[in-house]
Amino acid sequence: MSQVSLHQPSLSFEIFPPNSQVGEEKLLQTLSELKGLTPKFISVTCSNKSHNIEQSTVKLADYVQNQLHIPAVAHLPALYLSKVQVDNILLALQQCGVNHVLALRGDKIAGQATTGEFKYASDLVSYVKDKQQHFTISGACYPEMHPDSNNRIEDVLHLKQKVRAGCDYLVSQLFFDNECFYQFQENCALAGIEVPILAGIMPIINRNQAIRLIQTCQTKVPRKFKAILEKYEHQPQALREAGLAYAIDQIVDLVTQNVDGIHLYTMNQATTAREISRATKSLFAS
Ligand code: FAD
């Protein structure tokens, strides 16, 4: 791998390109704080509705890589992109020294026709592998199965195909029940998937965010987590502190069980990342 060593548990962050001037200014402040936490890399999401990925995801990845000097990973959902568009994006990334993509299919948008050139993420993985041999490529995975899949076996077999197409490592969807992740790791091992799997952790700091996520990601809500949401429904500060403690507890358990790395969904919030990092600093490779 060119930029990221995953031999020791790593801590990495995800950010998203803001869609307002205020959001942009706030993100720059967030990024300067995230830099101080020395993440292994920062990944930048990409909307599959974006009409100008070069001005959003690529621009932000460029900033992370060349102004903050932290390895950047550009997310690339390709279901609605043509090969020519993908070529242009890869070239723009290469020109700013970002040689690392998270290759995605992206969610389906009702009523919008696809180009048919990248039906699954694995099509993009092989395409990037072929075009940019020095790129590091990661893929998404789903400990509780992708919602489009009929069953876990099918889901893991498709994942294996994606890894074989050229993924160097995988990053998981968020989850609140570590047992689901351990079961998934076991299923991957049984299927012969041997690349590192980073665990996606989302600290829940407010109730609406939790409810939205649980609905969209269809993730299992353990009894302990549900109790926090109910007990502190009308106490935002208590909910925030309990949500952070829950995420820290998840991370400590995962690292103790030798997870390859933690990928923190920061939601562009430096404070939560800082608090988590402070509480778990000695657990990670520096
Ligand atoms: P795929 O790997 O293609 O899988 C999608 C479905 O197709 C699965 O059910 C799979 O089992 C099935 N499948 C795969 N191959 C085959 C095959 N050969 N035949 C039949 N079925 C098959 N979305 C964004 O728009 N922007 C982002 O920045 C973004 N970042 C993400 C980061 C992470 C870590 C994760 C976990 C998700 C992210 N997503 C993002 C969401 C993601 O794009 C959606 O979950 C999307 O629905 C699936 O994308 P995928 O790359 O996992 O698809």
# chains A, B, ... in the order shown; residues from 1 in each chain; ligands from 1
$ select_by_dssp --residues "region 4-178 of chain A" --states "strand (DSSP E)" --output "PyMOL selection string"
chain A and resi 10-15+42-44+72-77+100-104+136-141+169-174
$ closest_atom_pairs --of "chain A" --to "ligand 1" --cutoff "6 Å" --atoms "only C-alpha atoms and all ligand atoms" --output "CSV"
residue,atom,partner,partner_atom_place_in_ligand_line,distance
A:Thr45,CA,ligand 1,28 (O),3.4
A:Cys46,CA,ligand 1,28 (O),4.0
A:Ser47,CA,ligand 1,25 (O),4.6
A:Asn48,CA,ligand 1,25 (O),4.6
A:His75,CA,ligand 1,28 (O),4.8
A:Pro77,CA,ligand 1,25 (O),5.4
A:Leu104,CA,ligand 1,51 (O),3.2
A:Arg105,CA,ligand 1,51 (O),3.9
A:Gly106,CA,ligand 1,43 (O),3.0
A:Asp107,CA,ligand 1,47 (O),3.8
A:Tyr120,CA,ligand 1,3 (O),3.5
A:Ala121,CA,ligand 1,3 (O),3.9
A:Ala140,CA,ligand 1,36 (C),4.3
A:Cys141,CA,ligand 1,36 (C),5.3
A:His146,CA,ligand 1,9 (O),4.7
A:Asp148,CA,ligand 1,9 (O),4.2
A:Ser149,CA,ligand 1,9 (O),3.9
A:Asp155,CA,ligand 1,11 (O),4.0
A:His158,CA,ligand 1,15 (N),4.6
A:Val171,CA,ligand 1,34 (C),4.8
A:Ser172,CA,ligand 1,36 (C),4.9
A:Gln173,CA,ligand 1,36 (C),3.7
$ closest_residue --among "A:Ala273, A:Val125, A:Ile214, A:Ile201" --to "Asp249 (chain A)" --atoms "only C-alpha atoms"
A:Ile201
$ residues_around --residues "Cys167 (chain A)" --least-positions-apart "2" --cutoff "8 Å" --atoms "only C-alpha atoms" --output "list in words"
Val125, Thr136, Ile137, Ser138, Gly139, Lys162, Val163, Arg164, Ala165, Tyr169, Leu170 and Val195 of chain A
$ write_last_selection --atoms "all heavy atoms" --output "compact mmCIF listing (two decimals), in the first residue's frame"
# COMPACT_ATOMS: atom_id res chain seq x y z
N VAL A 125 -13.83 -0.87 -8.91
CA VAL A 125 -12.56 -1.32 -8.32
C VAL A 125 -11.66 -1.86 -9.43
O VAL A 125 -10.50 -1.45 -9.56
CB VAL A 125 -12.81 -2.41 -7.23
CG1 VAL A 125 -11.49 -3.01 -6.75
CG2 VAL A 125 -13.59 -1.82 -6.06
N THR A 136 -4.16 3.15 -4.13
CA THR A 136 -4.68 2.27 -3.09
C THR A 136 -6.21 2.34 -3.19
O THR A 136 -6.77 3.43 -3.36
CB THR A 136 -4.23 2.76 -1.69
OG1 THR A 136 -2.80 2.71 -1.65
CG2 THR A 136 -4.80 1.90 -0.58
N ILE A 137 -6.85 1.16 -3.15
CA ILE A 137 -8.31 1.13 -3.33
C ILE A 137 -8.96 0.46 -2.12
O ILE A 137 -8.56 -0.64 -1.73
CB ILE A 137 -8.70 0.35 -4.61
CG1 ILE A 137 -7.94 0.90 -5.83
CG2 ILE A 137 -10.21 0.40 -4.84
CD1 ILE A 137 -8.06 0.02 -7.06
N SER A 138 -9.95 1.14 -1.55
CA SER A 138 -10.71 0.49 -0.48
C SER A 138 -12.15 0.32 -0.94
O SER A 138 -12.57 0.91 -1.94
CB SER A 138 -10.63 1.31 0.81
OG SER A 138 -10.94 2.67 0.55
N GLY A 139 -12.89 -0.51 -0.19
CA GLY A 139 -14.30 -0.75 -0.53
C GLY A 139 -15.13 -0.70 0.74
O GLY A 139 -14.60 -0.81 1.85
N LYS A 162 -15.65 -8.27 -4.82
CA LYS A 162 -15.15 -6.89 -4.83
C LYS A 162 -13.69 -6.86 -4.35
O LYS A 162 -12.86 -6.18 -4.95
CB LYS A 162 -16.05 -6.03 -3.92
CG LYS A 162 -15.66 -4.58 -3.85
CD LYS A 162 -16.83 -3.69 -3.45
CE LYS A 162 -17.22 -3.75 -2.01
NZ LYS A 162 -18.28 -2.79 -1.66
N VAL A 163 -13.40 -7.62 -3.32
CA VAL A 163 -12.02 -7.65 -2.81
C VAL A 163 -11.09 -8.24 -3.87
O VAL A 163 -10.01 -7.72 -4.13
CB VAL A 163 -11.95 -8.44 -1.48
CG1 VAL A 163 -10.51 -8.69 -1.06
CG2 VAL A 163 -12.70 -7.68 -0.39
N ARG A 164 -11.55 -9.31 -4.51
CA ARG A 164 -10.73 -9.95 -5.56
C ARG A 164 -10.48 -9.01 -6.73
O ARG A 164 -9.47 -9.11 -7.43
CB ARG A 164 -11.44 -11.21 -6.08
CG ARG A 164 -11.29 -12.36 -5.14
CD ARG A 164 -11.22 -13.65 -5.91
NE ARG A 164 -10.85 -14.75 -5.05
CZ ARG A 164 -11.40 -15.94 -5.09
NH1 ARG A 164 -12.34 -16.19 -5.99
NH2 ARG A 164 -10.99 -16.89 -4.29
N ALA A 165 -11.44 -8.09 -6.96
CA ALA A 165 -11.27 -7.14 -8.06
C ALA A 165 -10.14 -6.16 -7.77
O ALA A 165 -9.64 -5.50 -8.67
CB ALA A 165 -12.58 -6.39 -8.28
N TYR A 169 -8.25 -2.86 1.26
CA TYR A 169 -8.86 -3.03 2.59
C TYR A 169 -10.32 -2.59 2.50
O TYR A 169 -10.76 -2.04 1.48
CB TYR A 169 -8.08 -2.25 3.66
CG TYR A 169 -8.18 -0.75 3.56
CD1 TYR A 169 -9.07 -0.03 4.33
CD2 TYR A 169 -7.37 -0.05 2.67
CE1 TYR A 169 -9.16 1.34 4.23
CE2 TYR A 169 -7.46 1.34 2.56
CZ TYR A 169 -8.36 2.02 3.35
OH TYR A 169 -8.46 3.38 3.24
N LEU A 170 -11.07 -2.84 3.58
CA LEU A 170 -12.50 -2.51 3.61
C LEU A 170 -12.79 -1.57 4.77
O LEU A 170 -12.09 -1.60 5.79
CB LEU A 170 -13.33 -3.79 3.79
CG LEU A 170 -13.19 -4.83 2.66
CD1 LEU A 170 -13.83 -6.15 3.09
CD2 LEU A 170 -13.83 -4.31 1.36
N VAL A 195 -8.35 -9.23 3.54
CA VAL A 195 -7.85 -7.86 3.65
C VAL A 195 -8.29 -7.25 5.00
O VAL A 195 -9.27 -7.70 5.59
CB VAL A 195 -8.36 -6.96 2.48
CG1 VAL A 195 -7.79 -7.43 1.16
CG2 VAL A 195 -9.88 -6.90 2.46
$ atom_distance --atom1 "CA of Gln8 (chain A)" --atom2 "CA of Gly97 (chain A)"
24.5 Å
$ atom_distance --atom1 "CA of Tyr232 (chain A)" --atom2 "CA of Lys26 (chain A)"
28.1 Å
$ atom_distance --atom1 "CA of Phe16 (chain A)" --atom2 "CA of Val44 (chain A)"
5.4 Å
$ decode --residues "region 175-217 of chain A" --atoms "N, CA and C atoms" --output "compact mmCIF listing (two decimals), in the first residue's frame"
# COMPACT_ATOMS: atom_id res chain seq x y z
N PHE A 175 -22.10 0.67 13.06
CA PHE A 175 -22.89 -0.33 13.79
C PHE A 175 -22.81 0.02 15.27
N PHE A 176 -23.79 -0.43 16.04
CA PHE A 176 -23.79 -0.15 17.48
C PHE A 176 -23.59 -1.42 18.31
N ASP A 177 -23.64 -2.56 17.63
CA ASP A 177 -23.49 -3.83 18.33
C ASP A 177 -22.21 -4.52 17.85
N ASN A 178 -21.18 -4.52 18.69
CA ASN A 178 -19.90 -5.10 18.27
C ASN A 178 -20.02 -6.57 17.91
N GLU A 179 -20.96 -7.27 18.54
CA GLU A 179 -21.09 -8.70 18.23
C GLU A 179 -21.42 -8.91 16.75
N CYS A 180 -22.20 -8.00 16.16
CA CYS A 180 -22.52 -8.09 14.72
C CYS A 180 -21.23 -7.98 13.91
N PHE A 181 -20.34 -7.10 14.35
CA PHE A 181 -19.08 -6.91 13.62
C PHE A 181 -18.21 -8.17 13.74
N TYR A 182 -18.15 -8.74 14.95
CA TYR A 182 -17.31 -9.94 15.12
C TYR A 182 -17.84 -11.11 14.29
N GLN A 183 -19.16 -11.23 14.23
CA GLN A 183 -19.77 -12.29 13.41
C GLN A 183 -19.44 -12.08 11.93
N PHE A 184 -19.50 -10.81 11.53
CA PHE A 184 -19.19 -10.45 10.14
C PHE A 184 -17.71 -10.77 9.83
N GLN A 185 -16.81 -10.43 10.75
CA GLN A 185 -15.38 -10.74 10.55
C GLN A 185 -15.20 -12.24 10.35
N GLU A 186 -15.94 -13.01 11.15
CA GLU A 186 -15.83 -14.47 11.06
C GLU A 186 -16.35 -14.96 9.70
N ASN A 187 -17.48 -14.38 9.26
CA ASN A 187 -18.04 -14.77 7.96
C ASN A 187 -17.07 -14.44 6.83
N CYS A 188 -16.42 -13.27 6.95
CA CYS A 188 -15.44 -12.88 5.92
C CYS A 188 -14.28 -13.86 5.91
N ALA A 189 -13.79 -14.21 7.10
CA ALA A 189 -12.66 -15.15 7.18
C ALA A 189 -13.06 -16.49 6.56
N LEU A 190 -14.27 -16.95 6.87
CA LEU A 190 -14.73 -18.24 6.31
C LEU A 190 -14.83 -18.18 4.79
N ALA A 191 -15.17 -16.99 4.28
CA ALA A 191 -15.31 -16.83 2.83
C ALA A 191 -13.95 -16.59 2.15
N GLY A 192 -12.90 -16.47 2.95
CA GLY A 192 -11.56 -16.25 2.37
C GLY A 192 -11.26 -14.79 2.08
N ILE A 193 -11.98 -13.88 2.74
CA ILE A 193 -11.67 -12.44 2.60
C ILE A 193 -10.60 -12.11 3.64
N GLU A 194 -9.42 -11.75 3.14
CA GLU A 194 -8.30 -11.62 4.07
C GLU A 194 -7.76 -10.20 4.23
N VAL A 195 -8.35 -9.23 3.54
CA VAL A 195 -7.85 -7.86 3.65
C VAL A 195 -8.29 -7.25 5.00
N PRO A 196 -7.57 -6.23 5.48
CA PRO A 196 -7.98 -5.58 6.74
C PRO A 196 -9.39 -4.98 6.63
N ILE A 197 -10.10 -4.99 7.75
CA ILE A 197 -11.45 -4.40 7.80
C ILE A 197 -11.46 -3.33 8.90
N LEU A 198 -11.64 -2.09 8.50
CA LEU A 198 -11.74 -1.00 9.49
C LEU A 198 -13.19 -0.91 9.96
N ALA A 199 -13.36 -0.73 11.26
CA ALA A 199 -14.71 -0.64 11.83
C ALA A 199 -15.19 0.81 11.81
N GLY A 200 -16.34 1.04 11.21
CA GLY A 200 -16.91 2.39 11.15
C GLY A 200 -17.68 2.70 12.42
N ILE A 201 -17.25 3.73 13.14
CA ILE A 201 -17.93 4.08 14.40
C ILE A 201 -18.47 5.51 14.30
N MET A 202 -19.74 5.62 14.63
CA MET A 202 -20.39 6.94 14.63
C MET A 202 -20.79 7.29 16.07
N PRO A 203 -20.14 8.27 16.69
CA PRO A 203 -20.58 8.67 18.03
C PRO A 203 -21.93 9.38 17.94
N ILE A 204 -22.88 8.92 18.71
CA ILE A 204 -24.21 9.53 18.68
C ILE A 204 -24.27 10.63 19.73
N ILE A 205 -24.49 11.85 19.29
CA ILE A 205 -24.49 12.93 20.27
C ILE A 205 -25.82 13.68 20.34
N ASN A 206 -26.76 13.32 19.47
CA ASN A 206 -28.11 13.84 19.70
C ASN A 206 -29.17 12.85 19.18
N ARG A 207 -30.35 12.98 19.77
CA ARG A 207 -31.39 11.96 19.57
C ARG A 207 -31.90 11.91 18.13
N ASN A 208 -32.09 13.08 17.52
CA ASN A 208 -32.61 13.09 16.14
C ASN A 208 -31.64 12.42 15.19
N GLN A 209 -30.35 12.70 15.40
CA GLN A 209 -29.32 12.08 14.58
C GLN A 209 -29.41 10.56 14.73
N ALA A 210 -29.59 10.09 15.97
CA ALA A 210 -29.65 8.65 16.23
C ALA A 210 -30.84 8.04 15.50
N ILE A 211 -31.99 8.67 15.60
CA ILE A 211 -33.20 8.10 15.00
C ILE A 211 -33.07 8.05 13.48
N ARG A 212 -32.53 9.13 12.90
CA ARG A 212 -32.34 9.19 11.45
C ARG A 212 -31.40 8.06 10.98
N LEU A 213 -30.32 7.89 11.72
CA LEU A 213 -29.34 6.88 11.32
C LEU A 213 -29.89 5.46 11.42
N ILE A 214 -30.58 5.23 12.52
CA ILE A 214 -31.10 3.89 12.75
C ILE A 214 -32.07 3.53 11.62
N GLN A 215 -32.85 4.53 11.17
CA GLN A 215 -33.79 4.28 10.07
C GLN A 215 -33.06 4.07 8.74
N THR A 216 -32.10 4.96 8.42
CA THR A 216 -31.48 4.86 7.09
C THR A 216 -30.51 3.67 7.00
N CYS A 217 -29.77 3.41 8.07
CA CYS A 217 -28.77 2.34 7.99
C CYS A 217 -29.33 0.98 8.39
